[in-house]
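What's in protein.txt: compact mmCIF, C-alpha atoms and all ligand atoms
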```
# COMPACT_ATOMS: atom_id res chain seq x y z
CA MET I 1 3.84 22.16 10.91
CA ASP I 2 2.92 20.45 7.66
CA PRO I 3 3.67 16.76 8.24
CA ARG I 4 4.35 16.24 4.53
CA THR I 5 7.56 18.24 4.61
CA ASP I 6 8.56 18.46 8.24
CA TYR I 7 11.42 16.02 7.67
CA LEU I 8 13.12 18.39 5.20
CA THR I 9 15.44 21.32 5.69
CA ASP I 10 14.03 24.74 4.73
CA GLU I 11 16.00 24.67 1.49
CA GLY I 12 14.84 21.13 0.70
CA ARG I 13 11.24 22.05 1.39
CA GLN I 14 11.42 25.04 -0.97
CA ARG I 15 12.94 22.93 -3.75
CA LEU I 16 10.33 20.21 -3.29
CA GLU I 17 7.45 22.69 -3.35
CA ALA I 18 8.80 24.41 -6.47
CA GLU I 19 9.23 21.10 -8.27
CA LEU I 20 5.79 19.82 -7.35
CA HIS I 21 4.21 23.08 -8.44
CA HIS I 22 5.96 22.72 -11.79
CA LEU I 23 4.80 19.11 -12.20
CA ARG I 24 1.20 19.98 -11.37
CA THR I 25 0.95 22.96 -13.69
CA VAL I 26 3.12 22.33 -16.72
CA ARG I 27 1.02 19.62 -18.38
CA ARG I 28 -2.18 21.55 -17.84
CA VAL I 29 -0.68 24.66 -19.45
CA GLU I 30 0.53 22.66 -22.46
CA ILE I 31 -2.90 21.12 -22.96
CA ALA I 32 -4.68 24.45 -22.67
CA GLU I 33 -2.37 25.98 -25.27
CA ARG I 34 -2.84 23.17 -27.77
CA ILE I 35 -6.61 23.55 -27.53
CA ARG I 36 -6.41 27.33 -27.83
CA GLU I 37 -4.22 26.96 -30.92
CA ALA I 38 -6.64 24.53 -32.52
CA LYS I 39 -9.58 26.79 -31.86
CA ARG I 40 -7.78 29.80 -33.33
CA GLU I 41 -7.31 27.87 -36.54
CA GLY I 42 -11.05 27.39 -36.74
CA ASP I 43 -11.01 23.70 -35.97
CA VAL I 44 -12.84 23.21 -32.74
CA SER I 45 -13.15 19.42 -32.82
CA GLU I 46 -11.52 17.88 -29.78
CA ASN I 47 -9.23 15.82 -31.98
CA ALA I 48 -7.68 18.85 -33.66
CA GLY I 49 -3.93 18.78 -33.53
CA TYR I 50 -3.77 15.14 -32.52
CA GLU I 51 -3.74 13.49 -35.96
CA ASP I 52 -0.57 11.61 -35.19
CA ALA I 53 -2.00 9.89 -32.16
CA LYS I 54 -1.92 6.12 -32.51
CA HIS I 55 -4.90 5.76 -30.27
CA GLU I 56 -7.18 7.97 -28.31
CA GLN I 57 -8.93 7.00 -25.14
CA GLY I 58 -12.25 8.33 -24.02
CA PHE I 59 -12.96 8.40 -20.31
CA VAL I 60 -16.33 8.61 -18.62
CA GLU I 61 -16.28 9.20 -14.87
CA GLY I 62 -12.68 8.05 -14.56
CA ARG I 63 -13.11 4.81 -16.50
CA ILE I 64 -12.02 3.98 -20.05
CA ALA I 65 -15.15 4.08 -22.21
CA GLU I 66 -13.61 3.79 -25.69
CA ILE I 67 -10.23 3.24 -27.33
CA GLY I 68 -9.40 4.03 -30.94
CA ARG I 69 -9.80 7.03 -33.21
CA LEU I 70 -12.51 9.04 -31.55
CA GLU I 71 -13.42 11.11 -34.60
CA GLY I 72 -15.73 13.97 -33.76
CA ALA I 73 -15.90 13.12 -30.10
CA THR I 74 -16.16 15.92 -27.62
CA ALA I 75 -14.77 16.00 -24.12
CA GLY I 76 -14.70 18.28 -21.12
CA GLU I 77 -10.94 17.96 -20.93
CA VAL I 78 -8.42 16.79 -23.52
CA ILE I 79 -4.99 15.53 -22.47
CA ASP I 80 -2.25 15.43 -25.08
CA ALA I 81 -0.31 12.20 -24.55
CA GLN I 82 1.57 12.14 -27.87
CA GLY I 83 4.91 10.42 -27.49
CA LEU I 84 3.84 8.96 -24.18
CA VAL I 85 2.54 5.55 -23.21
CA ALA I 86 -0.78 5.23 -21.42
CA ALA I 87 -0.57 2.56 -18.72
CA PRO I 88 -2.70 1.57 -15.77
CA GLY I 89 -1.35 2.47 -12.34
CA LEU I 90 0.93 -0.20 -10.93
CA ILE I 91 0.13 -2.02 -7.70
CA ASP I 92 3.09 -2.46 -5.34
CA MET I 93 2.07 -5.75 -3.78
CA HIS I 94 4.83 -5.67 -1.18
CA SER I 95 5.32 -2.25 0.31
CA HIS I 96 6.74 -1.29 3.66
CA SER I 97 5.60 2.33 3.50
CA ASP I 98 3.54 1.99 6.70
CA SER I 99 5.47 4.52 8.71
CA THR I 100 6.59 6.79 5.85
CA LEU I 101 3.16 7.50 4.31
CA PRO I 102 1.94 9.42 7.38
CA ILE I 103 5.05 11.64 7.12
CA ASN I 104 5.20 11.96 3.34
CA PRO I 105 1.72 11.27 1.90
CA LEU I 106 2.87 12.48 -1.54
CA ALA I 107 4.87 9.23 -1.86
CA GLU I 108 6.89 10.65 -4.75
CA SER I 109 9.32 7.71 -4.80
CA LYS I 110 6.41 5.42 -5.72
CA VAL I 111 4.27 7.75 -7.81
CA ARG I 112 7.16 8.65 -10.12
CA GLN I 113 7.60 4.94 -10.90
CA GLY I 114 3.94 4.63 -11.82
CA VAL I 115 2.77 3.03 -8.59
CA THR I 116 -0.73 4.12 -7.66
CA THR I 117 -1.61 1.45 -5.07
CA GLU I 118 0.51 0.10 -2.22
CA VAL I 119 -0.17 -2.99 -0.11
CA ILE I 120 1.19 -2.17 3.36
CA GLY I 121 1.39 -4.06 6.65
CA MET I 122 3.36 -6.85 4.97
CA CYS I 123 5.53 -9.55 6.53
CA GLY I 124 3.57 -9.74 9.77
CA SER I 125 4.51 -6.19 10.64
CA SER I 126 1.97 -3.37 10.68
CA THR I 127 1.97 -0.05 12.49
CA ALA I 128 -1.30 -0.94 14.21
CA PRO I 129 -2.85 -2.16 16.41
CA ILE I 130 -0.22 -1.39 19.07
CA SER I 131 -0.02 -1.39 22.85
CA GLU I 132 1.53 1.32 25.01
CA ALA I 133 4.64 -0.85 25.36
CA GLN I 134 4.96 -1.15 21.56
CA ARG I 135 4.49 2.60 21.13
CA ALA I 136 7.28 3.25 23.65
CA GLU I 137 9.55 0.76 21.89
CA HIS I 138 8.91 2.33 18.46
CA LEU I 139 9.57 5.83 19.81
CA ARG I 140 12.80 4.62 21.43
CA SER I 141 14.15 2.59 18.51
CA ALA I 142 13.24 4.98 15.69
CA GLY I 143 14.92 8.01 17.32
CA SER I 144 14.20 11.33 15.62
CA ALA I 145 12.21 9.65 12.83
CA GLY I 146 10.00 8.04 15.49
CA ALA I 147 9.48 11.41 17.12
CA ILE I 148 8.31 12.94 13.81
CA LEU I 149 5.87 10.09 13.28
CA GLY I 150 4.62 10.29 16.86
CA TRP I 151 2.98 6.83 16.87
CA ALA I 152 -0.05 8.60 18.39
CA TRP I 153 -2.53 5.86 17.55
CA SER I 154 -3.47 2.52 19.08
CA SER I 155 -6.13 0.84 16.96
CA PHE I 156 -6.03 0.03 13.25
CA GLY I 157 -8.82 2.53 12.62
CA GLU I 158 -6.90 5.30 14.36
CA TYR I 159 -3.88 4.59 12.15
CA LEU I 160 -6.05 4.76 9.02
CA ASP I 161 -7.52 8.05 10.27
CA ARG I 162 -3.95 9.37 10.51
CA LEU I 163 -3.36 8.31 6.87
CA ARG I 164 -6.60 9.96 5.76
CA ALA I 165 -5.98 13.17 7.68
CA LYS I 166 -3.95 14.84 4.94
CA GLY I 167 -4.96 12.64 2.03
CA LEU I 168 -2.61 10.29 0.19
CA ALA I 169 -1.19 10.40 -3.34
CA VAL I 170 -1.56 6.61 -3.58
CA ASN I 171 -4.30 4.12 -2.81
CA VAL I 172 -3.51 1.90 0.14
CA VAL I 173 -4.43 -1.72 0.86
CA PRO I 174 -3.63 -2.04 4.57
CA LEU I 175 -3.03 -5.38 6.29
CA ALA I 176 -2.92 -6.21 10.00
CA GLY I 177 0.38 -7.87 10.87
CA GLN I 178 0.20 -11.16 12.77
CA GLY I 179 3.56 -10.41 14.39
CA THR I 180 2.40 -7.00 15.57
CA ILE I 181 -0.77 -8.52 17.03
CA ARG I 182 1.13 -11.40 18.66
CA ASN I 183 3.50 -8.92 20.27
CA LYS I 184 0.62 -6.79 21.50
CA VAL I 185 -1.16 -9.74 23.12
CA MET I 186 1.75 -11.92 24.29
CA GLY I 187 4.84 -9.74 24.27
CA HIS I 188 7.98 -10.88 22.48
CA THR I 189 7.91 -14.53 23.54
CA ALA I 190 8.48 -17.81 21.75
CA ALA I 191 5.83 -19.48 23.94
CA ALA I 192 2.71 -21.02 22.47
CA PRO I 193 -0.41 -18.93 23.13
CA THR I 194 -2.94 -20.02 25.75
CA PRO I 195 -6.56 -20.37 24.59
CA ASP I 196 -7.26 -16.94 26.12
CA GLN I 197 -4.37 -15.44 24.16
CA VAL I 198 -5.62 -17.02 20.92
CA ALA I 199 -9.04 -15.48 21.62
CA ALA I 200 -7.43 -12.09 22.32
CA MET I 201 -5.44 -12.23 19.04
CA GLN I 202 -8.61 -13.22 17.17
CA ALA I 203 -10.41 -10.23 18.70
CA GLU I 204 -7.59 -7.96 17.50
CA VAL I 205 -7.88 -9.37 13.95
CA ALA I 206 -11.66 -8.95 14.00
CA GLN I 207 -11.41 -5.34 15.16
CA ALA I 208 -8.70 -4.47 12.62
CA MET I 209 -10.77 -6.04 9.81
CA ASP I 210 -13.88 -4.18 10.92
CA GLU I 211 -11.90 -0.93 11.00
CA GLY I 212 -10.52 -1.24 7.47
CA ALA I 213 -7.85 -3.94 7.19
CA TRP I 214 -7.96 -5.97 3.95
CA GLY I 215 -6.53 -9.06 5.60
CA ILE I 216 -3.65 -10.31 7.69
CA SER I 217 0.01 -10.87 6.95
CA THR I 218 2.72 -13.06 8.42
CA GLY I 219 6.51 -12.94 8.34
CA LEU I 220 7.40 -16.51 9.22
CA ILE I 221 11.14 -16.30 8.68
CA TYR I 222 11.74 -14.01 11.65
CA PRO I 223 10.33 -13.60 15.17
CA PRO I 224 7.67 -13.37 16.40
CA GLY I 225 6.10 -14.87 13.26
CA SER I 226 8.55 -17.77 13.35
CA TYR I 227 7.19 -18.69 16.81
CA ALA I 228 3.68 -19.21 15.44
CA THR I 229 2.59 -22.67 14.36
CA THR I 230 0.48 -23.26 11.26
CA ALA I 231 -2.53 -23.92 13.52
CA GLU I 232 -2.06 -20.60 15.34
CA ILE I 233 -2.10 -18.73 12.02
CA VAL I 234 -5.15 -20.66 10.82
CA ASP I 235 -6.98 -19.58 14.00
CA LEU I 236 -6.37 -15.92 13.10
CA ALA I 237 -7.02 -16.37 9.37
CA LYS I 238 -10.40 -17.90 10.18
CA VAL I 239 -11.44 -14.57 11.68
CA ALA I 240 -10.30 -12.60 8.62
CA ALA I 241 -11.95 -14.99 6.11
CA PRO I 242 -15.65 -14.27 6.77
CA ARG I 243 -14.84 -10.55 6.66
CA GLY I 244 -13.55 -10.88 3.10
CA GLY I 245 -9.90 -10.90 4.19
CA PHE I 246 -6.82 -12.07 2.34
CA TYR I 247 -3.79 -13.86 3.77
CA PHE I 248 -0.42 -12.43 2.70
CA SER I 249 2.66 -14.33 3.77
CA HIS I 250 6.39 -13.88 3.77
CA ILE I 251 6.68 -17.65 3.76
CA ARG I 252 8.70 -19.68 6.25
CA GLY I 253 11.58 -20.62 3.96
CA GLU I 254 13.29 -19.90 0.65
CA GLY I 255 16.02 -22.56 0.58
CA PRO I 256 15.65 -26.30 1.25
CA THR I 257 12.30 -25.65 2.98
CA LEU I 258 10.79 -23.66 0.11
CA LEU I 259 8.21 -26.26 -0.91
CA ALA I 260 7.18 -26.96 2.69
CA ALA I 261 6.81 -23.21 3.26
CA LEU I 262 4.64 -22.87 0.17
CA ALA I 263 2.55 -25.87 1.25
CA GLU I 264 2.00 -24.22 4.63
CA ALA I 265 0.68 -21.04 2.99
CA ILE I 266 -1.69 -23.10 0.83
CA THR I 267 -2.83 -25.11 3.87
CA ILE I 268 -3.65 -21.92 5.78
CA GLY I 269 -5.68 -20.65 2.84
CA GLN I 270 -7.55 -23.95 2.53
CA GLU I 271 -8.24 -24.45 6.23
CA ALA I 272 -9.30 -20.86 6.89
CA GLY I 273 -11.06 -20.45 3.55
CA LEU I 274 -9.42 -17.28 2.24
CA PRO I 275 -7.23 -16.23 -0.71
CA VAL I 276 -3.45 -16.42 -0.25
CA GLN I 277 -0.73 -14.16 -1.62
CA VAL I 278 2.82 -15.42 -1.27
CA ALA I 279 5.84 -13.15 -0.93
CA HIS I 280 9.53 -13.96 -0.98
CA TYR I 281 8.86 -16.88 -3.29
CA LYS I 282 12.34 -17.69 -4.47
CA ALA I 283 14.80 -20.55 -4.27
CA TYR I 284 18.11 -19.00 -3.38
CA GLY I 285 21.61 -20.21 -4.29
CA LYS I 286 23.21 -23.60 -3.80
CA SER I 287 22.88 -25.55 -0.60
CA ASN I 288 26.07 -25.52 1.47
ZN ZN I 301 9.20 -9.96 4.28
```

What would you get if you wrote out this structure as C-alpha cells?
Ligand SMILES: [Zn+2]
Amino acid sequence: MDPRTDYLTDEGRQRLEAELHHLRTVRRVEIAERIREAKREGDVSENAGYEDAKHEQGFVEGRIAEIGRLEGATAGEVIDAQGLVAAPGLIDMHSHSDSTLPINPLAESKVRQGVTTEVIGMCGSSTAPISEAQRAEHLRSAGSAGAILGWAWSSFGEYLDRLRAKGLAVNVVPLAGQGTIRNKVMGHTAAAPTPDQVAAMQAEVAQAMDEGAWGISTGLIYPPGSYATTAEIVDLAKVAAPRGGFYFSHIRGEGPTLLAALAEAITIGQEAGLPVQVAHYKAYGKSN
C-alpha cells in the first residue's frame, strides 16, 4: 500500500491523484507552448513573448544568479511567471507535522501555502527517540491513525529514515523533544532526575544529534517539560551545543510570568552556549 494515500477512500485517492497530475503537468505544458509559439514566429530568444515581465530571474544550479531584464540570455528552461509573484519558500518555524509527514509526505496543506521548510519536533514533543512503552502508548492513544503510522522506529535516525523512505515535498528541520526524551528515560514522573538519569538523557540527546537532529525543544507549560528545572534543561542543551544544535522553546509562561519565562530561555542559551528560538511569545489578556 502506498503510505501517501492509504488514509483516503478509493474515491478520495482518485481525486487526489487526478488533481496532483493536473498541477504537475499544466504549467509545464503552458511553458512549452509559449516557447513553441515564439519559435514559430522566428524569434528564438528566450525572452520572446515575455516583454511585459517586470523582472526576469536567471537561475544557475537552483540559485538566483541575476535579476532584471535578461536581454538575450539563454536558458535550458524558461518558466512564464507573468501575473505571478516570485517569492522564496516560507519556513514554518513551528510545525507539528511529525506524525503526519510519514503518512502524507506530499504535505499539500503546507506546500499550497508556500511553505517549503518545516521545523518539527517542537514543544518538547518529537516522535523519536521512543521506548517500547511509548510506542505502545502511541499505538493505543492514536487509534486507527496510530495503526496507519505504525510507530515502527525507536531511534531518531530510524524515524528520519522513515521520512526519507518515500521522499518529502518539504524540507524538514527535525528537533529532539526534551519531553519525549524525559519520558523515555524516567517515565511520566514529576520527580527530579538522578545523576544517572541526567547522563542517560544526555546520551539520548547526543545520539539524536549525531543521527540528524538540529537541536532540542522544550514545552515548559505542560508535563513532562514543566517538571524540568532550568538546570536540567541546561544539562541537555550543553550536549546539543557542541554539535551545532539550537534550543527551541515553548516558554514556561505567557501571562504574568512571561518575562521570567523569556529570561529562562535566554539563560539556557547563555549557559549552554547555543542559539535560542522562542515560541508562544505572547502576553495574553488581562490578569484576573
Ligand atoms: Zn507549544

Ligand ZN 301 (chain I): which residues are within 7 Å, counting all atoms listed in the file, as a list in words?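 Going residue by residue within 7 Å of ligand ZN 301 (chain I), we get Met122, Cys123, Gly219, His250, Ala279 and His280 of chain I.
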
Draw an axis-aligned box tight on the listed atoms of region 192-206 of chain I, then pad every side by 8 Å and write out centre and edge lengths in Å to one decimal as AutoDock Vina command-line options.
```
--center_x -4.5 --center_y -14.5 --center_z 20.0 --size_x 30.4 --size_y 29.1 --size_z 28.2
```

What separation in Å, quoted to one decimal, exists between CA of Leu101 (chain I) and CA of Ala265 (chain I)? 28.7 Å

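Between CA of Pro242 (chain I) and CA of Ser155 (chain I) the separation is 20.6 Å.
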
Using all atoms listed in the file, the residue out of I:Val205, I:Ala169, I:Ala133, I:Ala200 with shortest distance to His188 (chain I) is I:Ala133

Please measure the separation of CA of His138 (chain I) and CA of Glu211 (chain I), giving the value in Å to one decimal.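 These two atoms are separated by 22.3 Å.
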
Once you count all atoms listed in the file, which residues end up no further than 12 Å from (-1.3, 6.8, 1.1) in the file's frame, shown as number ranges by chain? I: 4, 95-108, 110-111, 115-120, 159-174

For Met209 (chain I), the closest of I:Ala65, I:Ala191, I:Ala261, I:Val239 counting all atoms listed in the file is I:Val239

Best match for closeness to Phe156 (chain I) among I:Gly62, I:Gly72, I:Gly215, I:Gly89, counting all atoms listed in the file: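 The closest residue to Phe156 (chain I) is I:Gly215.
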
From (1.3, -8.1, 24.1), in the file's coordinates, out to 12 Å: which residues are reached, counting only C-alpha atoms? Answer as a PDB file with C-alpha atoms, in the frame of the given file.
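Produced file part-v3.pdb, reproduced below:
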```pdb
ATOM      1  CA  PRO I 129      -2.850  -2.160  16.410  1.00  0.00           C
ATOM      2  CA  ILE I 130      -0.220  -1.390  19.070  1.00  0.00           C
ATOM      3  CA  SER I 131      -0.020  -1.390  22.850  1.00  0.00           C
ATOM      4  CA  GLU I 132       1.530   1.320  25.010  1.00  0.00           C
ATOM      5  CA  ALA I 133       4.640  -0.850  25.360  1.00  0.00           C
ATOM      6  CA  GLN I 134       4.960  -1.150  21.560  1.00  0.00           C
ATOM      7  CA  ARG I 135       4.490   2.600  21.130  1.00  0.00           C
ATOM      8  CA  GLN I 178       0.200 -11.160  12.770  1.00  0.00           C
ATOM      9  CA  GLY I 179       3.560 -10.410  14.390  1.00  0.00           C
ATOM     10  CA  THR I 180       2.400  -7.000  15.570  1.00  0.00           C
ATOM     11  CA  ILE I 181      -0.770  -8.520  17.030  1.00  0.00           C
ATOM     12  CA  ARG I 182       1.130 -11.400  18.660  1.00  0.00           C
ATOM     13  CA  ASN I 183       3.500  -8.920  20.270  1.00  0.00           C
ATOM     14  CA  LYS I 184       0.620  -6.790  21.500  1.00  0.00           C
ATOM     15  CA  VAL I 185      -1.160  -9.740  23.120  1.00  0.00           C
ATOM     16  CA  MET I 186       1.750 -11.920  24.290  1.00  0.00           C
ATOM     17  CA  GLY I 187       4.840  -9.740  24.270  1.00  0.00           C
ATOM     18  CA  HIS I 188       7.980 -10.880  22.480  1.00  0.00           C
ATOM     19  CA  THR I 189       7.910 -14.530  23.540  1.00  0.00           C
ATOM     20  CA  PRO I 193      -0.410 -18.930  23.130  1.00  0.00           C
ATOM     21  CA  GLN I 197      -4.370 -15.440  24.160  1.00  0.00           C
ATOM     22  CA  VAL I 198      -5.620 -17.020  20.920  1.00  0.00           C
ATOM     23  CA  ALA I 200      -7.430 -12.090  22.320  1.00  0.00           C
ATOM     24  CA  MET I 201      -5.440 -12.230  19.040  1.00  0.00           C
ATOM     25  CA  GLU I 204      -7.590  -7.960  17.500  1.00  0.00           C
ATOM     26  CA  PRO I 224       7.670 -13.370  16.400  1.00  0.00           C
TER      27      PRO I 224
END
```

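Proximity to Gln202 (chain I) was assessed for I:Ser226, I:Ala136, I:Ala241, I:Gly68 counting only C-alpha atoms; the smallest distance is recorded for I:Ala241.
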
Name the closest residue to Gly212 (chain I) among the candidates I:Gly146, I:Asp235, I:Ala128, I:Pro275; distances are taken between atoms, counting all atoms listed in the file.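 With all atoms listed in the file as the atom set, the closest residue is I:Ala128.
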
Nearest to Ala203 (chain I) among I:Gly150, I:Pro256, I:Leu236, I:Ala81, with distances taken over only C-alpha atoms: which residue is it? I:Leu236
